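A.B. asks: Structure supplied as structure-v2.cif; contents: mmCIF, C-alpha atoms.
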data_entry
#
loop_
_atom_site.group_PDB
_atom_site.id
_atom_site.type_symbol
_atom_site.label_atom_id
_atom_site.label_comp_id
_atom_site.auth_asym_id
_atom_site.auth_seq_id
_atom_site.Cartn_x
_atom_site.Cartn_y
_atom_site.Cartn_z
ATOM 1 C CA MET A 158 0.000 0.000 0.000
ATOM 2 C CA LYS A 159 2.832 2.352 0.876
ATOM 3 C CA LYS A 160 4.560 1.552 -2.423
ATOM 4 C CA ILE A 161 1.400 2.368 -4.384
ATOM 5 C CA LEU A 162 0.994 5.635 -2.494
ATOM 6 C CA CYS A 163 4.623 6.582 -3.112
ATOM 7 C CA VAL A 164 4.358 5.856 -6.827
ATOM 8 C CA THR A 165 1.174 7.935 -7.077
ATOM 9 C CA LEU A 166 2.774 10.885 -5.317
ATOM 10 C CA PHE A 167 5.863 10.585 -7.501
ATOM 11 C CA ILE A 168 3.751 10.744 -10.659
ATOM 12 C CA PHE A 169 2.022 13.956 -9.525
ATOM 13 C CA LEU A 170 5.337 15.495 -8.576
ATOM 14 C CA ILE A 171 7.062 14.837 -11.894
ATOM 15 C CA ILE A 172 4.248 16.128 -14.096
ATOM 16 C CA PRO A 173 5.216 19.832 -13.732
ATOM 17 C CA LEU A 174 8.910 18.996 -14.070
ATOM 18 C CA ASN A 175 8.323 17.310 -17.388
ATOM 19 C CA GLY A 176 6.414 20.358 -18.670
ATOM 20 C CA TRP A 177 2.965 18.810 -18.750
ATOM 21 C CA ALA A 178 0.732 21.887 -18.771
ATOM 22 C CA ARG A 179 -2.850 21.844 -17.630
ATOM 23 C CA LYS A 180 -5.378 21.848 -20.420
ATOM 24 C CA ALA A 181 -6.341 25.327 -21.604
ATOM 25 C CA PRO A 182 -9.805 26.332 -20.336
ATOM 26 C CA LYS A 183 -12.598 26.444 -22.915
ATOM 27 C CA TRP A 184 -12.988 30.219 -22.722
ATOM 28 C CA THR A 185 -9.543 30.708 -24.307
ATOM 29 C CA GLY A 186 -10.976 29.509 -27.621
ATOM 30 C CA LYS A 187 -13.690 32.177 -27.625
ATOM 31 C CA VAL A 188 -13.693 35.858 -28.533
ATOM 32 C CA HIS A 189 -17.041 37.137 -27.272
ATOM 33 C CA TRP A 190 -20.067 35.734 -25.488
ATOM 34 C CA GLU A 191 -22.924 36.937 -23.301
ATOM 35 C CA ASP A 192 -24.026 35.563 -19.964
ATOM 36 C CA GLY A 193 -25.977 36.834 -16.991
ATOM 37 C CA GLY A 194 -26.287 40.423 -18.154
ATOM 38 C CA TYR A 195 -22.608 40.727 -19.102
ATOM 39 C CA HIS A 196 -20.573 40.776 -22.307
ATOM 40 C CA TYR A 197 -17.372 38.719 -22.082
ATOM 41 C CA PHE A 198 -14.330 39.338 -24.289
ATOM 42 C CA VAL A 199 -11.020 37.525 -24.666
ATOM 43 C CA GLY A 200 -7.683 39.054 -25.622
ATOM 44 C CA VAL A 201 -4.604 37.055 -26.583
ATOM 45 C CA SER A 202 -0.894 37.832 -26.580
ATOM 46 C CA THR A 203 1.375 35.333 -28.339
ATOM 47 C CA LYS A 204 5.101 34.743 -27.905
ATOM 48 C CA SER A 205 5.609 37.653 -25.517
ATOM 49 C CA MET A 206 9.120 38.103 -24.181
ATOM 50 C CA THR A 207 7.870 38.370 -20.583
ATOM 51 C CA GLU A 208 4.729 37.251 -18.820
ATOM 52 C CA GLU A 209 4.029 40.790 -17.626
ATOM 53 C CA LEU A 210 4.202 42.135 -21.176
ATOM 54 C CA GLY A 211 1.883 39.359 -22.320
ATOM 55 C CA ARG A 212 -0.617 40.187 -19.598
ATOM 56 C CA ARG A 213 -0.725 43.841 -20.643
ATOM 57 C CA GLU A 214 -1.023 43.061 -24.354
ATOM 58 C CA ALA A 215 -3.747 40.498 -23.749
ATOM 59 C CA LEU A 216 -5.714 43.035 -21.704
ATOM 60 C CA ASP A 217 -5.304 45.667 -24.435
ATOM 61 C CA ASN A 218 -6.541 43.220 -27.051
ATOM 62 C CA ALA A 219 -9.507 42.174 -24.913
ATOM 63 C CA THR A 220 -10.422 45.836 -24.504
ATOM 64 C CA ALA A 221 -10.048 46.323 -28.254
ATOM 65 C CA GLU A 222 -12.456 43.470 -28.912
ATOM 66 C CA ALA A 223 -14.949 45.020 -26.508
ATOM 67 C CA ILE A 224 -14.770 48.451 -28.126
ATOM 68 C CA GLN A 225 -15.102 47.035 -31.617
ATOM 69 C CA SER A 226 -18.046 44.826 -30.717
ATOM 70 C CA LEU A 227 -19.956 47.232 -28.487
ATOM 71 C CA PHE A 228 -19.322 50.574 -30.162
ATOM 72 C CA GLY A 229 -18.612 49.661 -33.769
ATOM 73 C CA ILE A 230 -15.149 51.209 -33.659
ATOM 74 C CA SER A 231 -12.122 49.541 -35.219
ATOM 75 C CA GLY A 232 -10.718 48.505 -31.893
ATOM 76 C CA LYS A 233 -7.154 47.401 -32.462
ATOM 77 C CA MET A 234 -6.265 50.252 -34.768
ATOM 78 C CA ASP A 235 -7.856 52.897 -32.602
ATOM 79 C CA LEU A 236 -6.427 51.585 -29.345
ATOM 80 C CA THR A 237 -3.007 51.857 -30.871
ATOM 81 C CA SER A 238 -3.905 55.367 -31.920
ATOM 82 C CA PHE A 239 -5.038 56.348 -28.437
ATOM 83 C CA SER A 240 -1.547 57.004 -27.104
ATOM 84 C CA THR A 241 -0.377 58.810 -30.231
ATOM 85 C CA LEU A 242 -3.267 60.567 -31.945
ATOM 86 C CA GLN A 243 -5.483 61.208 -28.919
ATOM 87 C CA LYS A 244 -8.588 60.789 -31.070
ATOM 88 C CA ILE A 245 -10.610 58.074 -32.773
ATOM 89 C CA GLN A 246 -13.004 58.046 -35.704
ATOM 90 C CA VAL A 247 -16.525 56.996 -34.759
ATOM 91 C CA SER A 248 -18.088 57.590 -38.164
ATOM 92 C CA GLN A 249 -17.163 58.662 -41.672
ATOM 93 C CA ASP A 250 -16.303 62.222 -40.697
ATOM 94 C CA VAL A 251 -16.641 62.410 -36.912
ATOM 95 C CA PHE A 252 -13.820 62.155 -34.420
ATOM 96 C CA VAL A 253 -13.884 62.004 -30.624
ATOM 97 C CA SER A 254 -11.077 62.169 -28.124
ATOM 98 C CA SER A 255 -9.904 58.831 -26.752
ATOM 99 C CA ASP A 256 -10.450 60.238 -23.279
ATOM 100 C CA GLU A 257 -14.163 60.493 -24.061
ATOM 101 C CA VAL A 258 -14.655 56.735 -24.413
ATOM 102 C CA ASN A 259 -15.557 55.321 -21.009
ATOM 103 C CA LEU A 260 -15.431 51.526 -20.990
ATOM 104 C CA LYS A 261 -16.078 49.965 -17.589
ATOM 105 C CA ALA A 262 -14.485 46.540 -17.877
ATOM 106 C CA GLU A 263 -13.713 44.013 -15.142
ATOM 107 C CA SER A 264 -10.905 41.485 -15.430
ATOM 108 C CA VAL A 265 -12.216 37.926 -15.082
ATOM 109 C CA ASP A 266 -9.707 35.178 -15.913
ATOM 110 C CA ILE A 267 -6.147 34.761 -17.116
ATOM 111 C CA TYR A 268 -4.360 31.742 -18.549
ATOM 112 C CA VAL A 269 -0.614 31.655 -19.255
ATOM 113 C CA GLU A 270 1.325 29.179 -21.388
ATOM 114 C CA LYS A 271 5.115 29.043 -21.151
ATOM 115 C CA ILE A 272 6.618 27.931 -24.460
ATOM 116 C CA LYS A 273 10.013 27.475 -26.080
ATOM 117 C CA ASP A 274 10.667 29.448 -29.267
ATOM 118 C CA SER A 275 14.080 29.261 -30.938
ATOM 119 C CA GLY A 276 15.620 28.287 -27.645
ATOM 120 C CA GLU A 277 14.010 31.182 -25.757
ATOM 121 C CA THR A 278 11.264 31.052 -23.161
ATOM 122 C CA LYS A 279 8.206 32.993 -24.265
ATOM 123 C CA TYR A 280 4.623 33.327 -23.120
ATOM 124 C CA ASN A 281 1.171 32.966 -24.632
ATOM 125 C CA VAL A 282 -1.330 34.821 -22.472
ATOM 126 C CA TYR A 283 -5.133 34.672 -22.627
ATOM 127 C CA ARG A 284 -7.158 37.205 -20.678
ATOM 128 C CA SER A 285 -10.903 37.693 -20.339
ATOM 129 C CA ILE A 286 -12.867 40.737 -19.247
ATOM 130 C CA LYS A 287 -16.559 41.443 -18.756
ATOM 131 C CA VAL A 288 -18.694 44.522 -19.401
ATOM 132 C CA ASN A 289 -22.149 45.076 -17.958
ATOM 133 C CA GLU A 290 -24.742 45.154 -20.769
ATOM 134 C CA ARG A 291 -26.598 48.126 -19.296
ATOM 135 C CA ASP A 292 -23.387 50.113 -18.887
ATOM 136 C CA ALA A 293 -22.439 49.320 -22.484
ATOM 137 C CA ASP A 294 -25.831 50.466 -23.801
ATOM 138 C CA LYS A 295 -25.589 53.711 -21.830
ATOM 139 C CA GLU A 296 -22.088 54.398 -23.128
ATOM 140 C CA LEU A 297 -23.107 53.682 -26.723
ATOM 141 C CA ALA A 298 -26.022 56.119 -26.424
ATOM 142 C CA ARG A 299 -23.691 58.717 -24.956
ATOM 143 C CA LEU A 300 -21.151 58.264 -27.759
ATOM 144 C CA LYS A 301 -23.863 58.637 -30.403
ATOM 145 C CA GLU A 302 -25.042 61.861 -28.792
ATOM 146 C CA LEU A 303 -21.457 63.051 -28.575
ATOM 147 C CA ALA A 304 -20.896 62.171 -32.239
ATOM 148 C CA VAL A 305 -23.787 64.428 -33.268
ATOM 149 C CA LYS A 306 -22.297 67.298 -31.287
ATOM 150 C CA LYS A 307 -18.840 66.543 -32.614
ATOM 151 C CA LYS A 308 -20.051 66.628 -36.192
ATOM 152 C CA SER A 309 -21.245 70.203 -35.809
ATOM 153 C CA VAL A 310 -18.020 71.114 -34.032
ATOM 154 C CA GLU A 311 -15.882 69.536 -36.755
ATOM 155 C CA GLY A 312 -17.869 71.468 -39.302
ATOM 156 C CA LYS A 313 -16.881 74.682 -37.562
ATOM 157 C CA VAL A 314 -13.287 73.569 -37.303
ATOM 158 C CA LEU A 315 -13.089 73.048 -41.039
ATOM 159 C CA SER A 316 -14.689 76.358 -41.910
ATOM 160 C CA PRO A 317 -12.497 78.999 -43.595
ATOM 161 C CA SER A 318 -9.674 80.000 -41.270
ATOM 162 C CA LYS A 319 -6.450 81.883 -41.847
ATOM 163 C CA ASP A 320 -4.625 79.479 -39.525
ATOM 164 C CA LEU A 321 -5.921 76.114 -40.745
ATOM 165 C CA VAL A 322 -3.698 74.397 -43.322
ATOM 166 C CA ALA A 323 -4.566 71.256 -45.293
ATOM 167 C CA VAL A 324 -1.521 69.071 -45.973
ATOM 168 C CA SER A 325 -1.692 65.984 -48.201
ATOM 169 C CA VAL A 326 0.809 63.270 -47.279
ATOM 170 C CA GLU A 327 1.491 59.564 -47.451
ATOM 171 C CA GLY A 328 2.337 57.308 -44.553
ATOM 172 C CA GLU A 329 3.527 53.727 -44.407
ATOM 173 C CA SER A 330 4.409 51.163 -41.780
ATOM 174 C CA LEU A 331 5.838 47.660 -41.672
ATOM 175 C CA ILE A 332 3.232 44.915 -41.247
ATOM 176 C CA GLN A 333 4.331 42.643 -38.410
ATOM 177 C CA ASN A 334 2.720 39.282 -37.642
ATOM 178 C CA ASP A 335 0.243 39.980 -40.474
ATOM 179 C CA ASP A 336 -1.380 42.659 -38.278
ATOM 180 C CA GLU A 337 -2.701 45.174 -40.829
ATOM 181 C CA PRO A 338 -4.824 47.234 -38.374
ATOM 182 C CA ASP A 339 -1.768 47.898 -36.215
ATOM 183 C CA ALA A 340 0.300 48.832 -39.275
ATOM 184 C CA LYS A 341 -2.447 51.184 -40.456
ATOM 185 C CA ALA A 342 -2.505 52.966 -37.100
ATOM 186 C CA LYS A 343 1.259 53.418 -37.213
ATOM 187 C CA ALA A 344 1.051 54.652 -40.813
ATOM 188 C CA ILE A 345 -1.435 57.308 -39.708
ATOM 189 C CA LYS A 346 0.928 58.393 -36.944
ATOM 190 C CA ILE A 347 3.792 58.647 -39.430
ATOM 191 C CA GLY A 348 1.594 60.535 -41.894
ATOM 192 C CA ILE A 349 0.670 63.127 -39.270
ATOM 193 C CA ARG A 350 4.323 63.673 -38.390
ATOM 194 C CA ARG A 351 5.147 64.063 -42.077
ATOM 195 C CA SER A 352 2.497 66.750 -42.437
ATOM 196 C CA CYS A 353 4.427 68.945 -39.982
ATOM 197 C CA GLU A 354 7.717 68.126 -41.704
ATOM 198 C CA LYS A 355 6.181 69.059 -45.042
ATOM 199 C CA LEU A 356 4.799 72.338 -43.736
ATOM 200 C CA MET A 357 8.235 73.248 -42.350
ATOM 201 C CA ALA A 358 9.755 72.479 -45.761
ATOM 202 C CA HIS A 359 7.420 75.110 -47.227
ATOM 203 C CA TRP A 360 8.305 77.640 -44.561
ATOM 204 C CA PHE A 361 12.083 77.245 -44.282
ATOM 205 C CA TYR A 362 15.097 76.692 -46.484
ATOM 206 C CA PRO A 363 16.775 73.237 -46.331
ATOM 207 C CA GLY A 364 19.848 74.581 -44.549
ATOM 208 C CA THR A 365 17.724 76.059 -41.763
ATOM 209 C CA LEU A 366 15.802 72.808 -41.333
ATOM 210 C CA GLN A 367 18.988 70.763 -41.134
ATOM 211 C CA LYS A 368 20.689 73.126 -38.691
ATOM 212 C CA ASN A 369 17.666 73.262 -36.381
ATOM 213 C CA TYR A 370 16.483 69.673 -36.711
ATOM 214 C CA PRO A 371 16.880 68.717 -33.001
ATOM 215 C CA ARG A 372 14.754 71.673 -31.894
ATOM 216 C CA LEU A 373 12.182 71.191 -34.634
ATOM 217 C CA ASN A 374 11.972 67.485 -33.887
ATOM 218 C CA SER A 375 11.273 67.911 -30.169
ATOM 219 C CA THR A 376 9.025 70.979 -30.552
ATOM 220 C CA ILE A 377 7.092 70.362 -33.767
ATOM 221 C CA TYR A 378 7.588 66.946 -35.377
ATOM 222 C CA GLU A 379 7.202 64.736 -32.297
ATOM 223 C CA LYS A 380 4.188 66.779 -31.160
ATOM 224 C CA CYS A 381 2.538 67.164 -34.532
ATOM 225 C CA SER A 382 -0.665 65.404 -33.444
ATOM 226 C CA SER A 383 -1.266 68.225 -30.954
ATOM 227 C CA PHE A 384 -1.322 70.708 -33.865
ATOM 228 C CA SER A 385 -3.727 68.535 -35.891
ATOM 229 C CA LYS A 386 -7.332 69.663 -35.781
ATOM 230 C CA ASN A 387 -8.466 66.733 -37.871
ATOM 231 C CA TYR A 388 -7.291 64.273 -40.480
ATOM 232 C CA GLU A 389 -8.903 62.327 -43.288
ATOM 233 C CA VAL A 390 -7.670 58.973 -44.578
ATOM 234 C CA LEU A 391 -8.301 59.024 -48.321
ATOM 235 C CA GLY A 392 -7.212 55.465 -49.009
ATOM 236 C CA GLY A 393 -4.985 52.637 -47.890
ATOM 237 C CA TYR A 394 -3.518 49.443 -49.278
ATOM 238 C CA ARG A 395 -0.992 46.709 -48.626
ATOM 239 C CA GLU A 396 2.163 46.505 -50.725
ATOM 240 C CA ASP A 397 4.320 43.497 -49.889
ATOM 241 C CA ASN A 398 5.119 43.869 -46.178
ATOM 242 C CA LEU A 399 4.131 47.531 -45.969
ATOM 243 C CA TYR A 400 0.783 49.209 -45.332
ATOM 244 C CA LYS A 401 0.470 52.556 -47.115
ATOM 245 C CA ILE A 402 -2.121 55.289 -46.726
ATOM 246 C CA MET A 403 -2.960 58.577 -48.404
ATOM 247 C CA MET A 404 -4.313 61.214 -46.051
ATOM 248 C CA THR A 405 -5.002 64.908 -45.543
ATOM 249 C CA VAL A 406 -4.025 66.470 -42.237
ATOM 250 C CA TYR A 407 -5.507 69.775 -41.078
ATOM 251 C CA LEU A 408 -2.891 71.675 -39.075
ATOM 252 C CA ASN A 409 -3.288 74.778 -36.936
ATOM 253 C CA SER A 410 -0.486 76.834 -38.435
ATOM 254 C CA GLY A 411 -1.032 79.620 -35.916
ATOM 255 C CA ASP A 412 -0.148 77.327 -33.024
ATOM 256 C CA ILE A 413 2.881 76.065 -34.932
ATOM 257 C CA ARG A 414 4.089 79.611 -35.641
ATOM 258 C CA ARG A 415 3.828 80.504 -31.969
ATOM 259 C CA LYS A 416 5.858 77.436 -30.996
ATOM 260 C CA LEU A 417 8.500 78.381 -33.546
ATOM 261 C CA MET A 418 8.690 81.923 -32.232
ATOM 262 C CA ASN A 419 9.257 80.549 -28.734
ATOM 263 C CA ILE A 420 12.436 78.856 -29.946
ATOM 264 C CA GLY A 421 13.550 81.834 -32.018
ATOM 265 C CA LEU A 422 12.566 80.621 -35.480
ATOM 266 C CA PHE A 423 10.551 82.677 -37.949
ATOM 267 C CA ARG A 424 9.129 81.712 -41.314
ATOM 268 C CA GLU A 425 11.665 82.344 -44.082
ATOM 269 C CA ARG A 426 9.687 81.898 -47.271
ATOM 270 C CA THR A 427 6.108 81.963 -48.515
ATOM 271 C CA PRO A 428 4.807 79.108 -50.680
ATOM 272 C CA LYS A 429 3.301 80.089 -54.018
ATOM 273 C CA ILE A 430 0.153 78.151 -53.233
ATOM 274 C CA GLY A 431 -2.424 79.401 -50.759
ATOM 275 C CA LEU A 432 -2.569 77.930 -47.272
ATOM 276 C CA SER A 433 -5.562 79.536 -45.653
ATOM 277 C CA SER A 434 -8.750 77.701 -46.468
ATOM 278 C CA PRO A 435 -9.178 73.945 -45.978
ATOM 279 C CA THR A 436 -12.558 74.203 -47.661
ATOM 280 C CA LYS A 437 -10.621 74.491 -50.943
ATOM 281 C CA VAL A 438 -8.563 71.368 -50.414
ATOM 282 C CA LYS A 439 -9.705 69.884 -53.710
ATOM 283 C CA GLU A 440 -8.802 73.071 -55.573
ATOM 284 C CA THR A 441 -5.518 74.891 -54.899
ATOM 285 C CA GLU A 442 -5.472 75.675 -51.206
ATOM 286 C CA SER A 443 -3.663 72.593 -49.950
ATOM 287 C CA ILE A 444 -0.097 71.393 -49.727
ATOM 288 C CA ASP A 445 -0.033 68.178 -51.728
ATOM 289 C CA GLU A 446 2.543 65.812 -53.134
ATOM 290 C CA THR A 447 2.493 67.540 -56.532
ATOM 291 C CA ASN A 448 3.491 70.937 -55.101
ATOM 292 C CA LYS A 449 6.977 70.297 -53.767
ATOM 293 C CA SER A 450 8.837 73.508 -54.677
ATOM 294 C CA GLY A 451 6.817 75.871 -52.496
ATOM 295 C CA GLY A 452 9.529 78.548 -52.440
ATOM 296 C CA GLU A 453 9.725 81.920 -54.035
#
Rewrite the structure from the file as structure tokens, please.

C.D. replies:
Amino acid sequence: MKKILCVTLFIFLIIPLNGWARKAPKWTGKVHWEDGGYHYFVGVSTKSMTEELGRREALDNATAEAIQSLFGISGKMDLTSFSTLQKIQVSQDVFVSSDEVNLKAESVDIYVEKIKDSGETKYNVYRSIKVNERDADKELARLKELAVKKKSVEGKVLSPSKDLVAVSVEGESLIQNDDEPDAKAKAIKIGIRRSCEKLMAHWFYPGTLQKNYPRLNSTIYEKCSSFSKNYEVLGGYREDNLYKIMMTVYLNSGDIRRKLMNIGLFRERTPKIGLSSPTKVKETESIDETNKSGGE
């Protein structure tokens, strides 16, 4: 009897040492379900370098699934945009600040797999969250009401203004792990930065830009999204391992000029094309890829 007991205990003890993992719970194979007045969502992080990183990524992806399902917003792309663009697109021509989306989500379960990949230890992490159905309905109604208000506000923003400049640019980003939404978000971020770079190229001579690059980079280029009143993605496509977009960015040139004055820089040249009215974007009042000279 003692021998049998010892053998049984030995078997249970060696299972973890031999890497026998417990079977993944059924919920890890799901994305979204409803139960007891709650919406449940699952986010996954694969081959993360650390367990902590995997936990965070899985939570972000679960939240993205919730936003996409409940509010009709492209979750993964827009969540990536949250930290960079500070705004998301809730309809064809309406944007709201990321801070204005209030998602009350509770963490439910987490499942971690430790794997070997090219000789390195990595982690697959599954994480589930739940959102109260009533809270989700209330937030959706609030966002719709906000969208109506935002539409009228955006209309005012894009009205004729001496400070608003429409800049046409292209942006591209490497597609990693076949994740096109993430690449699109990064391409938008790059496109917005390029709009500020392009505007500076119309305002200053190349030598001035090169000499003052560190100051322009920290003051204007890296903070270009804060000068953007709006942007419009005109089209996007995949080319090999790159995602490319064409977009128009509406910049507040007055704010940019004031920032430049604070660091002792003043506009050196005036582009031949007009820069005042974004309502004439499709005519001549925009900076586009075909108007590269810009100098007098």

A.B. asks: I would like the residues chosen by the PyMOL selection byres ((chain A and resi 280-283) around 9) on the shown file; could you give them as JSON, numbers by chain?

C.D. replies: {"A": [185, 199, 200, 201, 202, 203, 204, 205, 206, 207, 208, 211, 212, 214, 215, 216, 219, 266, 267, 268, 269, 270, 271, 272, 273, 278, 279, 284, 285]}

A.B. asks: Run the PyMOL selection byres ((chain A and resi 343-352) around 8) against the file shown and list the residues it catches, as a ChimeraX atom specification.

C.D. replies: /A:237-238,241-242,324-330,339-342,353-356,378-382,385,400-402,404,406

A.B. asks: Considering all atoms listed in the file, return as a PyMOL selection string whatever protein or nucleic-acid residues lie within 7 Å of region 409-413 of chain A, sequence-local ones (same chain, fewer than 2 positions apart) excluded.

C.D. replies: chain A and resi 320-322+384-386+407+415-417

A.B. asks: Suppose you want the space between CA of Arg414 (chain A) and CA of Pro371 (chain A); what is it in Å?

C.D. replies: 17.0 Å

A.B. asks: Rounded to one decimal in Å, what is the spacing between CA of Leu300 (chain A) and CA of Arg213 (chain A)?

C.D. replies: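 Interatomic distance here is 26.0 Å.
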
A.B. asks: Find the residue from A:Val288, A:Leu422, A:Ile224, A:Leu210 that sits nearest to His196 (chain A); use all atoms listed in the file when measuring.

C.D. replies: A:Val288

A.B. asks: Can you work out the spacing between CA of Ile377 (chain A) and CA of Ala358 (chain A) in Å, to one decimal?

C.D. replies: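 Computing it gives 12.5 Å between the two atoms.
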
A.B. asks: Of the candidates A:Glu209, A:Asp397, A:Asp274, A:Glu263, which one gets nearest to Asn289 (chain A) if we count all atoms listed in the file?

C.D. replies: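 When distances to Asn289 (chain A) are compared using all atoms listed in the file, the smallest one comes from A:Glu263.
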
A.B. asks: Would you mind writing region 200-222 of chain A with N, CA and C atoms, as a compact mmCIF listing (two decimals), in the coordinates of the input?

C.D. replies:
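Output below, filename result03.txt:
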# COMPACT_ATOMS: atom_id res chain seq x y z
N GLY A 200 -8.83 38.52 -24.90
CA GLY A 200 -7.68 39.05 -25.62
C GLY A 200 -6.52 38.09 -25.50
N VAL A 201 -5.71 38.01 -26.56
CA VAL A 201 -4.60 37.06 -26.58
C VAL A 201 -3.30 37.76 -26.92
N SER A 202 -2.24 37.38 -26.25
CA SER A 202 -0.89 37.83 -26.58
C SER A 202 -0.05 36.59 -26.84
N THR A 203 0.60 36.53 -27.99
CA THR A 203 1.38 35.33 -28.34
C THR A 203 2.87 35.64 -28.39
N LYS A 204 3.63 34.70 -27.88
CA LYS A 204 5.10 34.74 -27.90
C LYS A 204 5.66 36.04 -27.32
N SER A 205 5.10 36.46 -26.20
CA SER A 205 5.61 37.65 -25.52
C SER A 205 6.93 37.33 -24.83
N MET A 206 7.81 38.32 -24.78
CA MET A 206 9.12 38.10 -24.18
C MET A 206 9.05 37.90 -22.67
N THR A 207 8.07 38.54 -22.02
CA THR A 207 7.87 38.37 -20.58
C THR A 207 6.39 38.12 -20.30
N GLU A 208 6.11 37.51 -19.18
CA GLU A 208 4.73 37.25 -18.82
C GLU A 208 3.99 38.56 -18.56
N GLU A 209 4.67 39.51 -17.92
CA GLU A 209 4.03 40.79 -17.63
C GLU A 209 3.63 41.52 -18.90
N LEU A 210 4.53 41.50 -19.89
CA LEU A 210 4.20 42.14 -21.18
C LEU A 210 3.02 41.43 -21.82
N GLY A 211 2.99 40.12 -21.76
CA GLY A 211 1.88 39.36 -22.32
C GLY A 211 0.57 39.68 -21.65
N ARG A 212 0.61 39.84 -20.33
CA ARG A 212 -0.62 40.19 -19.60
C ARG A 212 -1.17 41.54 -20.05
N ARG A 213 -0.28 42.51 -20.22
CA ARG A 213 -0.72 43.84 -20.64
C ARG A 213 -1.28 43.82 -22.06
N GLU A 214 -0.56 43.12 -22.96
CA GLU A 214 -1.02 43.06 -24.35
C GLU A 214 -2.35 42.32 -24.47
N ALA A 215 -2.50 41.25 -23.70
CA ALA A 215 -3.75 40.50 -23.75
C ALA A 215 -4.91 41.35 -23.25
N LEU A 216 -4.66 42.15 -22.22
CA LEU A 216 -5.71 43.04 -21.70
C LEU A 216 -6.07 44.10 -22.73
N ASP A 217 -5.05 44.67 -23.39
CA ASP A 217 -5.30 45.67 -24.44
C ASP A 217 -6.14 45.08 -25.56
N ASN A 218 -5.81 43.85 -25.96
CA ASN A 218 -6.54 43.22 -27.05
C ASN A 218 -7.97 42.85 -26.65
N ALA A 219 -8.15 42.45 -25.39
CA ALA A 219 -9.51 42.17 -24.91
C ALA A 219 -10.34 43.45 -24.93
N THR A 220 -9.73 44.54 -24.49
CA THR A 220 -10.42 45.84 -24.50
C THR A 220 -10.74 46.26 -25.93
N ALA A 221 -9.81 46.00 -26.84
CA ALA A 221 -10.05 46.32 -28.25
C ALA A 221 -11.24 45.56 -28.80
N GLU A 222 -11.32 44.28 -28.47
CA GLU A 222 -12.46 43.47 -28.91
C GLU A 222 -13.76 44.03 -28.37
